[in-house]
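Q: Right, I'll just put the structure down here and ask away after.
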Amino acid sequence: MAQALVQSVDRALRILELLIEENQSMNLSEISEEVDLNISTVHRLLNTLIYRGFVAKEETGRYKLGVRIFEIVSLLEDSLDLKAIVRPYLNEIVDECNETANLVILDRGEVVYIDQVESTNLVRMFANIGSKGPAHSLGAGKVLLAHLDERELDKMLKGMELTQFTSETLTEVEELKENLKQIKVQGYAIDFEEMEEGVRCVAAPIKNGDGEVIAAISVSGPNIRITDKFLYNKLIPLVTSKAIEISKNIGSIRVKG
């Protein structure tokens, strides 16, 4: 059975593919002819792609790939390098605590899961690679937000919806910012059931050779196993120490969304 397609998305992607394949700027009529769509339709689609940063319009009126495309390519390349470095440490974390370990990056106010090693427990946490989650309610998201400079943080928070997922979710900007200040000082973040009831998480930042926070590792699991004693005596020392080890071996990778 043929899958149902969203026509406008399909058409926009055809335009992007054309600009990638041609690897040069094109005028409106050239694009219209190549993708076999009328000029008014192509113009609307291009305006949307420009708004999202995937296409840019030159002073001559010609169209070319926008900066967002190159940001994504750079993000993917660095993410692959980062995954190769971090994966052994995720394995070590799971070997030591048998809870799910994650590697995440920040992209426009959301965390993106770029790698994960699962616990062998029957009840365990799971996230699809490439899936996203709201940064304000996740330990890894908060640790990444905490290391943005104040101006960048304020700009990001203005574009974020601080949705309440549980009674523990921080939904007030000033309350969240106070929590982020504490996280930056202590070097780790804890998610006490802020995203999902019954789930706890601890996260720590990964820094590159320039001292820039580029990602985070986290461990998540059910509160029936992640008790206060286990969290403070085992998980926090484990996650923070592994984050420091990773940071010493990361080099000049710059993953930033």
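Starting from 1 in every chain, residues are counted up; chains themselves are A, B, ... following the order of the structure tokens, and ligands are numbered from 1 as listed.
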Run DSSP on the backbone and give me the residues of segment 5-254 of chain A it puts in strand (DSSP E or B), as an MDAnalysis selection string.
A: chainID A and resid 26 55:57 63:65 100:107 110:117 132:134 189:192 199:207 213:222
Q: Counting only C-alpha atoms, what is within 7 Å of segment 118-135 of chain A, bar same-chain residues fewer than 2 positions away, as a ChimeraX atom specification?
A: /A:94,98-101,109-116,137-138,141-142,220-221
Q: Between atom CA of Lys177 of chain A and atom CA of Ala243 of chain A, what distance in Å does the model show, to one decimal?
A: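 Separation between atom CA of Lys177 of chain A and atom CA of Ala243 of chain A: 22.8 Å.
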Q: At a cut-off of 6 Å, using only C-alpha atoms, what residues contact segment 203-209 of chain A? Leave out same-chain residues fewer than 2 positions from it and give the result as a list in words.
A: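 My reading of the contact set: Gly139, Ala140, Tyr188, Ala189, Gly211, Glu212, Val213, Ile214, Ala215, Ala216, Ile217, Ser218, Thr240, Ala243, Ser247, Ile250, Gly251 and Ser252 of chain A.
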Q: For all heavy atoms, I'd like the residues from the last selection saved as a CSV table (one decimal), in the first residue's frame.
A:
chain,number,residue,atom,x,y,z
A,139,GLY,N,16.8,16.3,32.7
A,139,GLY,CA,18.1,16.5,33.4
A,139,GLY,C,19.1,17.0,32.4
A,139,GLY,O,19.8,17.9,32.6
A,140,ALA,N,19.2,16.2,31.3
A,140,ALA,CA,20.2,16.6,30.3
A,140,ALA,C,19.9,17.9,29.6
A,140,ALA,O,20.9,18.7,29.3
A,140,ALA,CB,20.3,15.5,29.2
A,188,TYR,N,26.1,19.2,37.7
A,188,TYR,CA,25.2,18.2,37.3
A,188,TYR,C,23.8,18.6,37.5
A,188,TYR,O,23.5,19.6,38.2
A,188,TYR,CB,25.5,16.9,38.0
A,188,TYR,CG,25.2,17.0,39.5
A,188,TYR,CD1,23.9,16.7,40.1
A,188,TYR,CD2,26.2,17.2,40.4
A,188,TYR,CE1,23.7,16.8,41.4
A,188,TYR,CE2,26.0,17.4,41.8
A,188,TYR,CZ,24.7,17.2,42.3
A,188,TYR,OH,24.5,17.2,43.6
A,189,ALA,N,22.9,17.9,36.8
A,189,ALA,CA,21.4,18.2,36.9
A,189,ALA,C,20.7,17.0,37.3
A,189,ALA,O,21.1,15.9,36.9
A,189,ALA,CB,20.9,18.8,35.6
A,211,GLY,N,36.7,24.2,26.4
A,211,GLY,CA,35.9,24.5,27.6
A,211,GLY,C,34.4,24.7,27.3
A,211,GLY,O,33.7,25.1,28.2
A,212,GLU,N,34.0,24.6,26.0
A,212,GLU,CA,32.6,24.8,25.6
A,212,GLU,C,31.8,23.6,25.8
A,212,GLU,O,32.2,22.5,25.4
A,212,GLU,CB,32.6,25.2,24.1
A,212,GLU,CG,31.2,25.4,23.6
A,212,GLU,CD,31.2,25.6,22.1
A,212,GLU,OE1,32.2,25.4,21.4
A,212,GLU,OE2,30.2,26.1,21.6
A,213,VAL,N,30.6,23.7,26.5
A,213,VAL,CA,29.7,22.6,26.7
A,213,VAL,C,29.0,22.2,25.4
A,213,VAL,O,28.4,23.1,24.8
A,213,VAL,CB,28.7,22.9,27.8
A,213,VAL,CG1,27.6,21.7,27.8
A,213,VAL,CG2,29.4,23.0,29.1
A,214,ILE,N,29.2,21.0,24.9
A,214,ILE,CA,28.7,20.7,23.6
A,214,ILE,C,27.7,19.6,23.6
A,214,ILE,O,27.0,19.3,22.6
A,214,ILE,CB,29.9,20.2,22.6
A,214,ILE,CG1,30.6,19.0,23.3
A,214,ILE,CG2,30.8,21.4,22.3
A,214,ILE,CD1,31.6,18.3,22.3
A,215,ALA,N,27.6,18.9,24.7
A,215,ALA,CA,26.6,17.8,24.8
A,215,ALA,C,26.5,17.4,26.3
A,215,ALA,O,27.1,18.0,27.2
A,215,ALA,CB,27.1,16.6,24.0
A,216,ALA,N,25.7,16.4,26.6
A,216,ALA,CA,25.6,15.9,28.0
A,216,ALA,C,25.3,14.4,27.9
A,216,ALA,O,24.8,13.9,27.0
A,216,ALA,CB,24.4,16.6,28.6
A,217,ILE,N,25.8,13.8,29.0
A,217,ILE,CA,25.4,12.4,29.2
A,217,ILE,C,24.4,12.3,30.4
A,217,ILE,O,24.5,13.1,31.3
A,217,ILE,CB,26.6,11.5,29.5
A,217,ILE,CG1,27.5,12.0,30.7
A,217,ILE,CG2,27.5,11.3,28.2
A,217,ILE,CD1,28.5,11.0,31.1
A,218,SER,N,23.6,11.3,30.4
A,218,SER,CA,22.6,11.2,31.5
A,218,SER,C,22.3,9.7,31.7
A,218,SER,O,22.6,8.8,30.9
A,218,SER,CB,21.3,11.9,31.1
A,218,SER,OG,20.6,11.2,30.0
A,240,THR,N,29.1,12.2,36.7
A,240,THR,CA,30.0,13.3,36.6
A,240,THR,C,31.5,12.9,36.3
A,240,THR,O,32.2,13.6,35.5
A,240,THR,CB,30.0,14.1,37.9
A,240,THR,OG1,30.2,13.3,39.0
A,240,THR,CG2,28.6,14.8,38.1
A,243,ALA,N,31.7,12.1,32.6
A,243,ALA,CA,31.6,13.3,31.8
A,243,ALA,C,33.0,14.0,31.8
A,243,ALA,O,33.4,14.5,30.8
A,243,ALA,CB,30.6,14.2,32.4
A,247,SER,N,35.3,14.6,28.5
A,247,SER,CA,35.7,15.9,28.1
A,247,SER,C,37.2,16.0,27.9
A,247,SER,O,37.7,16.8,27.1
A,247,SER,CB,35.3,16.9,29.3
A,247,SER,OG,33.9,16.9,29.4
A,250,ILE,N,37.8,14.8,24.2
A,250,ILE,CA,36.9,15.2,23.1
A,250,ILE,C,37.5,16.0,22.0
A,250,ILE,O,37.0,16.1,20.9
A,250,ILE,CB,35.7,15.9,23.8
A,250,ILE,CG1,34.4,15.7,23.0
A,250,ILE,CG2,36.0,17.4,23.9
A,250,ILE,CD1,33.9,14.3,23.1
A,251,GLY,N,38.6,16.7,22.4
A,251,GLY,CA,39.3,17.5,21.3
A,251,GLY,C,38.5,18.8,21.0
A,251,GLY,O,37.9,19.4,21.9
A,252,SER,N,38.5,19.1,19.7
A,252,SER,CA,37.9,20.4,19.3
A,252,SER,C,36.5,20.3,18.7
A,252,SER,O,36.1,21.2,17.9
A,252,SER,CB,38.9,21.1,18.3
A,252,SER,OG,39.0,20.2,17.1
Q: Counting only C-alpha atoms, which residue out of A:Leu180, A:Phe192, A:Ser241, A:Thr166 sits closest to Glu150 of chain A?
A: A:Leu180
